[in-house]
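**Q** Next comes run.cif, mmCIF, C-alpha atoms:
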data_run
#
loop_
_atom_site.group_PDB
_atom_site.id
_atom_site.type_symbol
_atom_site.label_atom_id
_atom_site.label_comp_id
_atom_site.auth_asym_id
_atom_site.auth_seq_id
_atom_site.Cartn_x
_atom_site.Cartn_y
_atom_site.Cartn_z
ATOM 1 C CA MET Q 1 0.000 0.000 0.000
ATOM 2 C CA LYS Q 2 0.966 3.617 -0.559
ATOM 3 C CA ALA Q 3 -0.039 6.757 1.328
ATOM 4 C CA THR Q 4 0.210 10.393 0.299
ATOM 5 C CA VAL Q 5 0.109 13.464 2.523
ATOM 6 C CA ILE Q 6 -0.694 16.674 0.661
ATOM 7 C CA GLY Q 7 0.822 19.749 2.292
ATOM 8 C CA ALA Q 8 4.282 19.726 3.892
ATOM 9 C CA GLY Q 9 3.537 22.132 6.724
ATOM 10 C CA ASN Q 10 3.562 21.165 10.378
ATOM 11 C CA VAL Q 11 0.446 18.982 10.213
ATOM 12 C CA GLY Q 12 1.443 17.294 6.970
ATOM 13 C CA ALA Q 13 5.040 16.608 7.897
ATOM 14 C CA THR Q 14 4.140 15.285 11.346
ATOM 15 C CA THR Q 15 1.473 13.053 9.798
ATOM 16 C CA ALA Q 16 3.872 11.734 7.156
ATOM 17 C CA VAL Q 17 6.497 10.636 9.661
ATOM 18 C CA LYS Q 18 3.846 8.968 11.838
ATOM 19 C CA LEU Q 19 2.541 7.017 8.846
ATOM 20 C CA ALA Q 20 6.077 5.996 7.902
ATOM 21 C CA GLU Q 21 6.736 4.784 11.436
ATOM 22 C CA MET Q 22 3.628 2.597 11.139
ATOM 23 C CA ASP Q 23 5.854 0.545 8.778
ATOM 24 C CA LEU Q 24 2.843 -0.705 6.869
ATOM 25 C CA PHE Q 25 3.252 1.140 3.572
ATOM 26 C CA SER Q 26 5.783 0.583 0.803
ATOM 27 C CA ASP Q 27 5.923 4.363 0.261
ATOM 28 C CA VAL Q 28 4.739 7.507 2.011
ATOM 29 C CA TYR Q 29 4.736 10.579 -0.240
ATOM 30 C CA LEU Q 30 4.907 14.111 1.137
ATOM 31 C CA LEU Q 31 3.632 16.467 -1.559
ATOM 32 C CA ASP Q 32 3.877 20.249 -1.644
ATOM 33 C CA ILE Q 33 3.980 22.890 -4.371
ATOM 34 C CA LEU Q 34 7.085 24.454 -2.808
ATOM 35 C CA GLU Q 35 10.186 22.903 -4.340
ATOM 36 C CA GLY Q 36 12.717 21.583 -1.858
ATOM 37 C CA ILE Q 37 10.498 21.685 1.232
ATOM 38 C CA PRO Q 38 8.937 18.202 0.908
ATOM 39 C CA GLN Q 39 12.200 16.750 -0.384
ATOM 40 C CA GLY Q 40 14.183 18.088 2.571
ATOM 41 C CA LYS Q 41 11.652 17.021 5.180
ATOM 42 C CA ALA Q 42 11.221 13.576 3.600
ATOM 43 C CA LEU Q 43 14.971 13.027 3.533
ATOM 44 C CA ASP Q 44 15.189 14.014 7.196
ATOM 45 C CA MET Q 45 12.424 11.498 7.999
ATOM 46 C CA TRP Q 46 14.137 8.742 6.025
ATOM 47 C CA GLU Q 47 17.363 9.374 7.894
ATOM 48 C CA SER Q 48 15.476 8.667 11.124
ATOM 49 C CA ALA Q 49 14.472 5.208 9.824
ATOM 50 C CA PRO Q 50 17.598 3.367 11.022
ATOM 51 C CA VAL Q 51 17.005 4.680 14.542
ATOM 52 C CA GLU Q 52 13.216 4.292 14.598
ATOM 53 C CA GLY Q 53 13.333 0.934 12.835
ATOM 54 C CA PHE Q 54 11.028 1.390 9.857
ATOM 55 C CA ASP Q 55 11.577 0.521 6.189
ATOM 56 C CA THR Q 56 8.836 2.606 4.598
ATOM 57 C CA ALA Q 57 10.354 4.807 1.910
ATOM 58 C CA VAL Q 58 9.537 8.491 2.533
ATOM 59 C CA ARG Q 59 9.532 10.533 -0.654
ATOM 60 C CA GLY Q 60 9.180 14.291 -1.035
ATOM 61 C CA VAL Q 61 7.539 15.295 -4.312
ATOM 62 C CA ASN Q 62 6.032 18.295 -6.118
ATOM 63 C CA THR Q 63 3.734 16.564 -8.608
ATOM 64 C CA TYR Q 64 0.673 14.363 -8.188
ATOM 65 C CA GLU Q 65 1.824 11.973 -10.904
ATOM 66 C CA GLU Q 66 4.568 10.742 -8.587
ATOM 67 C CA THR Q 67 1.937 9.736 -6.017
ATOM 68 C CA ALA Q 68 -0.245 7.818 -8.483
ATOM 69 C CA ASP Q 69 -2.429 4.976 -7.206
ATOM 70 C CA SER Q 70 -2.115 5.867 -3.533
ATOM 71 C CA ASP Q 71 -4.417 3.903 -1.234
ATOM 72 C CA PHE Q 72 -4.761 6.749 1.261
ATOM 73 C CA VAL Q 73 -4.565 10.489 0.635
ATOM 74 C CA VAL Q 74 -4.420 12.838 3.620
ATOM 75 C CA VAL Q 75 -5.193 16.448 2.736
ATOM 76 C CA THR Q 76 -3.576 19.038 5.013
ATOM 77 C CA ALA Q 77 -2.970 21.726 2.360
ATOM 78 C CA GLY Q 78 -4.221 25.245 2.928
ATOM 79 C CA LEU Q 79 -3.781 28.162 5.258
ATOM 80 C CA ALA Q 80 -3.706 27.759 9.029
ATOM 81 C CA ARG Q 81 -5.607 29.952 11.459
ATOM 82 C CA LYS Q 82 -4.148 33.020 13.099
ATOM 83 C CA PRO Q 83 -5.219 34.456 16.462
ATOM 84 C CA GLY Q 84 -8.778 35.798 16.292
ATOM 85 C CA MET Q 85 -9.699 33.750 13.209
ATOM 86 C CA SER Q 86 -12.364 31.065 13.178
ATOM 87 C CA ARG Q 87 -12.096 27.957 11.032
ATOM 88 C CA ASP Q 88 -14.826 29.403 8.809
ATOM 89 C CA ASP Q 89 -12.674 32.476 8.135
ATOM 90 C CA LEU Q 90 -10.462 30.197 6.039
ATOM 91 C CA LEU Q 91 -13.306 29.193 3.724
ATOM 92 C CA MET Q 92 -12.680 31.252 0.606
ATOM 93 C CA LYS Q 93 -8.890 31.069 0.938
ATOM 94 C CA ASN Q 94 -8.838 27.285 1.190
ATOM 95 C CA MET Q 95 -11.740 26.497 -1.150
ATOM 96 C CA SER Q 96 -9.705 27.025 -4.321
ATOM 97 C CA ILE Q 97 -6.791 25.051 -2.889
ATOM 98 C CA ILE Q 98 -8.926 22.039 -1.950
ATOM 99 C CA ARG Q 99 -10.778 22.135 -5.269
ATOM 100 C CA SER Q 100 -7.469 21.930 -7.123
ATOM 101 C CA VAL Q 101 -6.174 19.185 -4.831
ATOM 102 C CA SER Q 102 -9.372 17.160 -5.305
ATOM 103 C CA GLU Q 103 -9.190 17.410 -9.087
ATOM 104 C CA GLU Q 104 -5.628 16.069 -9.054
ATOM 105 C CA VAL Q 105 -6.440 13.234 -6.635
ATOM 106 C CA ARG Q 106 -9.398 12.211 -8.813
ATOM 107 C CA LYS Q 107 -7.064 11.848 -11.802
ATOM 108 C CA THR Q 108 -4.047 10.213 -10.151
ATOM 109 C CA SER Q 109 -5.454 8.090 -7.287
ATOM 110 C CA PRO Q 110 -9.060 7.276 -8.258
ATOM 111 C CA GLN Q 111 -9.386 4.405 -5.757
ATOM 112 C CA ALA Q 112 -7.951 6.264 -2.753
ATOM 113 C CA ILE Q 113 -9.581 6.882 0.584
ATOM 114 C CA VAL Q 114 -9.385 10.638 1.223
ATOM 115 C CA ILE Q 115 -8.950 11.972 4.756
ATOM 116 C CA MET Q 116 -9.656 15.698 5.018
ATOM 117 C CA VAL Q 117 -7.796 17.751 7.630
ATOM 118 C CA SER Q 118 -7.882 21.243 6.075
ATOM 119 C CA ASN Q 119 -10.293 23.764 7.628
ATOM 120 C CA PRO Q 120 -13.176 24.422 7.681
ATOM 121 C CA LEU Q 121 -12.972 20.658 7.837
ATOM 122 C CA ASP Q 122 -16.564 19.451 7.361
ATOM 123 C CA VAL Q 123 -17.073 21.909 4.499
ATOM 124 C CA MET Q 124 -13.820 20.958 2.770
ATOM 125 C CA ALA Q 125 -14.747 17.266 3.043
ATOM 126 C CA TYR Q 126 -18.037 18.060 1.291
ATOM 127 C CA LEU Q 127 -16.171 19.954 -1.436
ATOM 128 C CA ALA Q 128 -13.683 17.107 -1.909
ATOM 129 C CA MET Q 129 -16.474 14.546 -2.266
ATOM 130 C CA LYS Q 130 -18.259 16.674 -4.871
ATOM 131 C CA VAL Q 131 -15.135 17.407 -6.908
ATOM 132 C CA THR Q 132 -13.609 13.917 -6.821
ATOM 133 C CA GLY Q 133 -16.929 12.155 -7.343
ATOM 134 C CA PHE Q 134 -15.736 9.507 -4.879
ATOM 135 C CA PRO Q 135 -18.416 7.588 -2.974
ATOM 136 C CA PRO Q 136 -19.085 9.002 0.516
ATOM 137 C CA HIS Q 137 -17.501 6.044 2.313
ATOM 138 C CA ARG Q 138 -14.131 7.013 0.787
ATOM 139 C CA VAL Q 139 -14.128 10.685 1.861
ATOM 140 C CA ILE Q 140 -13.772 11.170 5.610
ATOM 141 C CA GLY Q 141 -13.097 14.210 7.767
ATOM 142 C CA MET Q 142 -10.694 14.069 10.686
ATOM 143 C CA ALA Q 143 -12.557 15.925 13.428
ATOM 144 C CA GLY Q 144 -14.265 13.994 16.187
ATOM 145 C CA ILE Q 145 -11.172 12.037 17.176
ATOM 146 C CA LEU Q 146 -9.241 15.264 17.734
ATOM 147 C CA ASP Q 147 -12.111 16.949 19.574
ATOM 148 C CA THR Q 148 -12.652 13.830 21.707
ATOM 149 C CA ALA Q 149 -8.932 13.645 22.495
ATOM 150 C CA ARG Q 150 -9.033 17.238 23.715
ATOM 151 C CA PHE Q 151 -12.128 16.509 25.811
ATOM 152 C CA ARG Q 152 -10.413 13.477 27.375
ATOM 153 C CA SER Q 153 -7.205 15.427 27.970
ATOM 154 C CA PHE Q 154 -9.008 18.227 29.800
ATOM 155 C CA ILE Q 155 -10.883 15.719 31.969
ATOM 156 C CA SER Q 156 -7.565 14.044 32.805
ATOM 157 C CA MET Q 157 -6.016 17.389 33.724
ATOM 158 C CA LYS Q 158 -8.989 18.239 35.940
ATOM 159 C CA LEU Q 159 -9.174 14.925 37.779
ATOM 160 C CA GLY Q 160 -5.583 13.725 37.733
ATOM 161 C CA VAL Q 161 -6.485 10.360 36.183
ATOM 162 C CA SER Q 162 -4.979 8.490 33.236
ATOM 163 C CA VAL Q 163 -6.262 9.503 29.811
ATOM 164 C CA LYS Q 164 -6.247 5.787 28.967
ATOM 165 C CA ASP Q 165 -9.138 5.230 31.368
ATOM 166 C CA ILE Q 166 -11.346 7.982 29.909
ATOM 167 C CA GLN Q 167 -13.876 7.052 27.225
ATOM 168 C CA ALA Q 168 -15.758 9.881 25.513
ATOM 169 C CA MET Q 169 -17.485 10.980 22.324
ATOM 170 C CA VAL Q 170 -17.648 14.404 20.654
ATOM 171 C CA LEU Q 171 -19.993 14.773 17.680
ATOM 172 C CA GLY Q 172 -21.047 17.622 15.389
ATOM 173 C CA GLY Q 173 -19.082 20.023 13.230
ATOM 174 C CA HIS Q 174 -15.403 20.671 13.846
ATOM 175 C CA GLY Q 175 -15.753 24.130 15.325
ATOM 176 C CA ASP Q 176 -17.553 26.140 17.957
ATOM 177 C CA SER Q 177 -20.759 24.168 17.332
ATOM 178 C CA MET Q 178 -19.261 20.759 18.190
ATOM 179 C CA VAL Q 179 -21.355 18.564 20.496
ATOM 180 C CA PRO Q 180 -19.489 16.906 23.398
ATOM 181 C CA LEU Q 181 -21.590 14.173 25.032
ATOM 182 C CA PRO Q 182 -20.935 14.004 28.796
ATOM 183 C CA ARG Q 183 -23.713 11.389 29.038
ATOM 184 C CA TYR Q 184 -21.517 8.981 27.056
ATOM 185 C CA THR Q 185 -18.365 9.851 28.998
ATOM 186 C CA THR Q 186 -16.952 7.382 31.522
ATOM 187 C CA ILE Q 187 -13.777 6.706 33.473
ATOM 188 C CA SER Q 188 -13.115 2.956 33.561
ATOM 189 C CA GLY Q 189 -16.841 2.485 32.996
ATOM 190 C CA ILE Q 190 -17.853 4.858 35.810
ATOM 191 C CA PRO Q 191 -20.077 7.744 34.626
ATOM 192 C CA ILE Q 192 -18.283 11.089 34.544
ATOM 193 C CA THR Q 193 -21.037 12.592 36.718
ATOM 194 C CA HIS Q 194 -19.635 10.555 39.609
ATOM 195 C CA PHE Q 195 -16.490 12.687 39.439
ATOM 196 C CA LEU Q 196 -17.615 16.083 38.154
ATOM 197 C CA GLY Q 197 -20.571 18.366 38.769
ATOM 198 C CA GLU Q 198 -22.606 20.083 36.070
ATOM 199 C CA ALA Q 199 -20.714 23.378 36.317
ATOM 200 C CA GLU Q 200 -17.316 21.668 36.071
ATOM 201 C CA LEU Q 201 -18.448 19.613 33.078
ATOM 202 C CA LYS Q 202 -19.771 22.709 31.338
ATOM 203 C CA GLU Q 203 -16.399 24.400 31.830
ATOM 204 C CA ILE Q 204 -14.575 21.445 30.255
ATOM 205 C CA VAL Q 205 -17.055 21.311 27.369
ATOM 206 C CA GLU Q 206 -16.438 24.990 26.617
ATOM 207 C CA ARG Q 207 -12.674 24.530 26.769
ATOM 208 C CA THR Q 208 -13.012 21.628 24.326
ATOM 209 C CA ARG Q 209 -14.973 23.804 21.885
ATOM 210 C CA ASN Q 210 -12.200 26.399 22.048
ATOM 211 C CA GLY Q 211 -9.336 23.893 22.188
ATOM 212 C CA GLY Q 212 -7.923 24.780 18.771
ATOM 213 C CA ALA Q 213 -8.227 28.524 19.333
ATOM 214 C CA GLU Q 214 -6.431 28.184 22.672
ATOM 215 C CA ILE Q 215 -3.409 26.687 20.917
ATOM 216 C CA VAL Q 216 -3.539 29.269 18.107
ATOM 217 C CA ALA Q 217 -3.494 32.035 20.722
ATOM 218 C CA PHE Q 218 -0.317 30.588 22.226
ATOM 219 C CA LEU Q 219 1.481 29.927 18.930
ATOM 220 C CA LYS Q 220 0.352 33.154 17.198
ATOM 221 C CA THR Q 221 1.810 32.064 13.843
ATOM 222 C CA GLY Q 222 0.314 28.599 13.470
ATOM 223 C CA SER Q 223 -2.159 26.051 14.757
ATOM 224 C CA ALA Q 224 -2.140 22.603 16.370
ATOM 225 C CA TYR Q 225 -0.362 19.741 14.621
ATOM 226 C CA TYR Q 226 0.697 17.009 17.061
ATOM 227 C CA ALA Q 227 -2.834 16.012 18.117
ATOM 228 C CA PRO Q 228 -4.339 16.352 14.603
ATOM 229 C CA SER Q 229 -1.648 14.111 13.123
ATOM 230 C CA SER Q 230 -2.203 11.542 15.875
ATOM 231 C CA ALA Q 231 -5.915 11.523 15.024
ATOM 232 C CA VAL Q 232 -5.124 10.887 11.356
ATOM 233 C CA TYR Q 233 -2.759 8.088 12.353
ATOM 234 C CA GLN Q 234 -5.532 6.341 14.310
ATOM 235 C CA MET Q 235 -7.923 6.610 11.361
ATOM 236 C CA VAL Q 236 -5.422 5.289 8.827
ATOM 237 C CA GLU Q 237 -4.291 2.479 11.101
ATOM 238 C CA SER Q 238 -7.865 1.250 11.629
ATOM 239 C CA MET Q 239 -8.530 1.250 7.884
ATOM 240 C CA ALA Q 240 -5.174 -0.060 6.674
ATOM 241 C CA LYS Q 241 -5.238 -2.925 9.201
ATOM 242 C CA ASP Q 242 -8.999 -3.439 8.809
ATOM 243 C CA TRP Q 243 -9.470 -3.135 12.563
ATOM 244 C CA LYS Q 244 -12.993 -1.726 12.196
ATOM 245 C CA MET Q 245 -12.617 0.657 15.119
ATOM 246 C CA ILE Q 246 -15.633 2.810 15.968
ATOM 247 C CA LEU Q 247 -14.403 6.390 15.979
ATOM 248 C CA PRO Q 248 -16.043 9.830 15.724
ATOM 249 C CA CYS Q 249 -15.323 11.218 12.244
ATOM 250 C CA SER Q 250 -16.896 13.680 9.848
ATOM 251 C CA ALA Q 251 -19.050 11.612 7.506
ATOM 252 C CA TYR Q 252 -21.592 12.309 4.775
ATOM 253 C CA LEU Q 253 -25.079 11.610 6.090
ATOM 254 C CA LYS Q 254 -27.967 10.376 3.969
ATOM 255 C CA GLY Q 255 -30.722 10.352 6.563
ATOM 256 C CA GLU Q 256 -28.873 9.160 9.648
ATOM 257 C CA TYR Q 257 -29.694 11.214 12.737
ATOM 258 C CA GLY Q 258 -32.403 12.877 10.653
ATOM 259 C CA LEU Q 259 -29.787 14.685 8.545
ATOM 260 C CA LYS Q 260 -29.127 14.600 4.807
ATOM 261 C CA ASP Q 261 -26.539 15.982 2.381
ATOM 262 C CA VAL Q 262 -24.120 17.204 5.040
ATOM 263 C CA PHE Q 263 -20.760 16.190 6.506
ATOM 264 C CA ILE Q 264 -20.913 16.096 10.285
ATOM 265 C CA GLY Q 265 -19.100 14.305 13.094
ATOM 266 C CA VAL Q 266 -20.727 10.990 14.070
ATOM 267 C CA PRO Q 267 -19.487 7.564 15.234
ATOM 268 C CA VAL Q 268 -18.363 5.423 12.280
ATOM 269 C CA LYS Q 269 -16.802 2.005 11.808
ATOM 270 C CA LEU Q 270 -13.522 2.344 9.906
ATOM 271 C CA GLY Q 271 -12.272 -0.655 7.943
ATOM 272 C CA ARG Q 272 -10.340 -1.366 4.782
ATOM 273 C CA LYS Q 273 -13.112 0.043 2.585
ATOM 274 C CA GLY Q 274 -13.282 3.299 4.527
ATOM 275 C CA ILE Q 275 -16.499 4.020 6.402
ATOM 276 C CA GLU Q 276 -18.181 0.626 6.688
ATOM 277 C CA GLU Q 277 -21.013 1.743 8.940
ATOM 278 C CA ILE Q 278 -22.418 4.937 10.416
ATOM 279 C CA VAL Q 279 -23.353 4.104 13.993
ATOM 280 C CA GLU Q 280 -26.533 5.784 15.211
ATOM 281 C CA ILE Q 281 -26.484 6.183 18.980
ATOM 282 C CA GLU Q 282 -29.455 7.264 21.043
ATOM 283 C CA LEU Q 283 -29.537 11.006 21.679
ATOM 284 C CA THR Q 284 -31.720 13.055 23.982
ATOM 285 C CA GLU Q 285 -33.820 15.783 22.405
ATOM 286 C CA GLU Q 286 -31.325 18.363 23.645
ATOM 287 C CA GLU Q 287 -28.367 16.468 22.178
ATOM 288 C CA LYS Q 288 -30.177 15.894 18.878
ATOM 289 C CA SER Q 289 -31.085 19.583 18.665
ATOM 290 C CA ALA Q 290 -27.451 20.539 19.276
ATOM 291 C CA LEU Q 291 -26.326 18.154 16.519
ATOM 292 C CA HIS Q 292 -28.882 19.603 14.102
ATOM 293 C CA ARG Q 293 -27.804 23.168 14.955
ATOM 294 C CA SER Q 294 -24.210 22.169 14.265
ATOM 295 C CA ALA Q 295 -25.230 20.638 10.934
ATOM 296 C CA GLY Q 296 -27.127 23.821 10.094
ATOM 297 C CA HIS Q 297 -23.963 25.843 10.629
ATOM 298 C CA VAL Q 298 -22.014 23.507 8.325
ATOM 299 C CA ARG Q 299 -24.732 23.770 5.661
ATOM 300 C CA SER Q 300 -24.759 27.559 5.777
ATOM 301 C CA THR Q 301 -20.992 27.571 5.242
ATOM 302 C CA VAL Q 302 -21.273 25.110 2.350
ATOM 303 C CA ASP Q 303 -23.888 27.401 0.763
ATOM 304 C CA GLN Q 304 -21.320 30.202 0.661
ATOM 305 C CA MET Q 305 -19.269 28.161 -1.818
ATOM 306 C CA LYS Q 306 -22.160 28.149 -4.324
ATOM 307 C CA LEU Q 307 -21.265 24.695 -5.646
#
Starting from the file, give its structure as structure tokens.
**A**
Amino acid sequence: MKATVIGAGNVGATTAVKLAEMDLFSDVYLLDILEGIPQGKALDMWESAPVEGFDTAVRGVNTYEETADSDFVVVTAGLARKPGMSRDDLLMKNMSIIRSVSEEVRKTSPQAIVIMVSNPLDVMAYLAMKVTGFPPHRVIGMAGILDTARFRSFISMKLGVSVKDIQAMVLGGHGDSMVPLPRYTTISGIPITHFLGEAELKEIVERTRNGGAEIVAFLKTGSAYYAPSSAVYQMVESMAKDWKMILPCSAYLKGEYGLKDVFIGVPVKLGRKGIEEIVEIELTEEEKSALHRSAGHVRSTVDQMKL
């Protein structure tokens, strides 16, 4: 199998080296329009192989033809947020980039599974599906895993317990309208309400919604990349190894949860074919309303593209 990461910035480069260290692919391609950048970073990664113990060839390239017939394509290309910007502020700037990327992927890797990372994530996943013409089970947005990881991390920080023991689920759009589900959150099977009161949970939920902006405010000239690349790694690993893990990802809905023609974060089963099942969990009326509001926000942003 072969994997391609489009965009050699912080997210793309970190993702590429993680995929190489998986040691499952014959080749991992790091593609960028800037000459020298992907080549230099790929060479640096390959020189780590003797120490890390992987044999996957890491190749920096500037053309899509060199990545032909990739099994997985991870799209990280586009502009990152700056302090004060929302993910939606990137819409018009990144729309043309993702359209061009999608056209090239359609021509060179027509059987690939596409994982969208570029923001606004749910909207860019929708655009990629429309432009490539790929079936919905082969276009997936990386969102819920990252948002859930942040939710779990903040709970761990609050309670001083291992993140490994915390199970959680964050649904909805990747942005301020995301829908954390405290009702489905446990620590070693014990409901989170045993440990935290309503006010404390609300505080953690709000911090989760603003998790990306918090990092942007610290960095000032970039956005998060370690946690996003780890989320991509988990998605690719489940699909490449056909583990069929159930993970929260941005998926195209065709009636599930009462929603149609929209990408939104929901639990999905990820196997070798991509999304093998959209898992519909029981939601309260309040949770369902929050999910529908989030989907409405995604739709309104999609409408701005006038596809």
**Q** Carefully work through the PyMOL selection byres ((chain Q and resi 21-38) around 6) for this structure and note down the residues it includes, as number ranges by chain.
**A** Q: 1-8, 18-20, 39-42, 54, 56-62
**Q** Take atom CA of Q:Pro182 and atom CA of Q:Val123 and report the distance between them in Å, one decimal.
**A** 25.8 Å
**Q** Would you please work out which residue, of Q:Pro180, Q:Gly271, Q:Gly144, Q:Pro136, is nearest to Q:Cys249 when using all atoms listed in the file?
**A**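 With all atoms listed in the file as the atom set, the closest residue is Q:Gly144.
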**Q** Would you write out, as a CSV table (one decimal) with C-alpha atoms, keeping the file's coordinate frame, every residue that the PyMOL selection byres ((chain Q and resi 276-291) around 9) captures in this file?
**A**
chain,number,residue,atom,x,y,z
Q,137,HIS,CA,-17.5,6.0,2.3
Q,171,LEU,CA,-20.0,14.8,17.7
Q,172,GLY,CA,-21.0,17.6,15.4
Q,173,GLY,CA,-19.1,20.0,13.2
Q,177,SER,CA,-20.8,24.2,17.3
Q,178,MET,CA,-19.3,20.8,18.2
Q,179,VAL,CA,-21.4,18.6,20.5
Q,180,PRO,CA,-19.5,16.9,23.4
Q,181,LEU,CA,-21.6,14.2,25.0
Q,244,LYS,CA,-13.0,-1.7,12.2
Q,246,ILE,CA,-15.6,2.8,16.0
Q,251,ALA,CA,-19.0,11.6,7.5
Q,253,LEU,CA,-25.1,11.6,6.1
Q,256,GLU,CA,-28.9,9.2,9.6
Q,257,TYR,CA,-29.7,11.2,12.7
Q,264,ILE,CA,-20.9,16.1,10.3
Q,265,GLY,CA,-19.1,14.3,13.1
Q,266,VAL,CA,-20.7,11.0,14.1
Q,267,PRO,CA,-19.5,7.6,15.2
Q,268,VAL,CA,-18.4,5.4,12.3
Q,269,LYS,CA,-16.8,2.0,11.8
Q,270,LEU,CA,-13.5,2.3,9.9
Q,271,GLY,CA,-12.3,-0.7,7.9
Q,272,ARG,CA,-10.3,-1.4,4.8
Q,273,LYS,CA,-13.1,0.0,2.6
Q,274,GLY,CA,-13.3,3.3,4.5
Q,275,ILE,CA,-16.5,4.0,6.4
Q,292,HIS,CA,-28.9,19.6,14.1
Q,293,ARG,CA,-27.8,23.2,15.0
Q,294,SER,CA,-24.2,22.2,14.3
Q,295,ALA,CA,-25.2,20.6,10.9
Q,296,GLY,CA,-27.1,23.8,10.1
**Q** If you apply the PyMOL selection byres ((chain Q and resi 199-210) around 6) to this file, what residues do you get, as a list in words?
**A**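 Selection result, ordered by chain and number: Arg150, Phe151, Asp176, Leu196, Gly197, Glu198, Gly211, Gly212 and Ala213 of chain Q.
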**Q** What is the atom CA of Q:Asp71-atom CA of Q:Glu237 distance in Å, reported with one decimal?
**A** 12.4 Å
**Q** Which residue gives the smallest distance to Q:Pro83 among Q:Val117, Q:Leu307, Q:Leu219, Q:Ala231, with all atoms listed in the file counted?
**A**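 Smallest separation from Q:Pro83 among the options: Q:Leu219.
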**Q** What lies within 10 Å of Q:Ala227 using only C-alpha atoms, ignoring chain neighbours under 2 positions off, as a list in words?
**A**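 Everything that qualifies: Val11, Thr14, Thr15, Ile145, Leu146, Asp147, Ala149, Arg150, Ala224, Tyr225, Ser229, Ser230, Ala231, Val232 and Tyr233 of chain Q.
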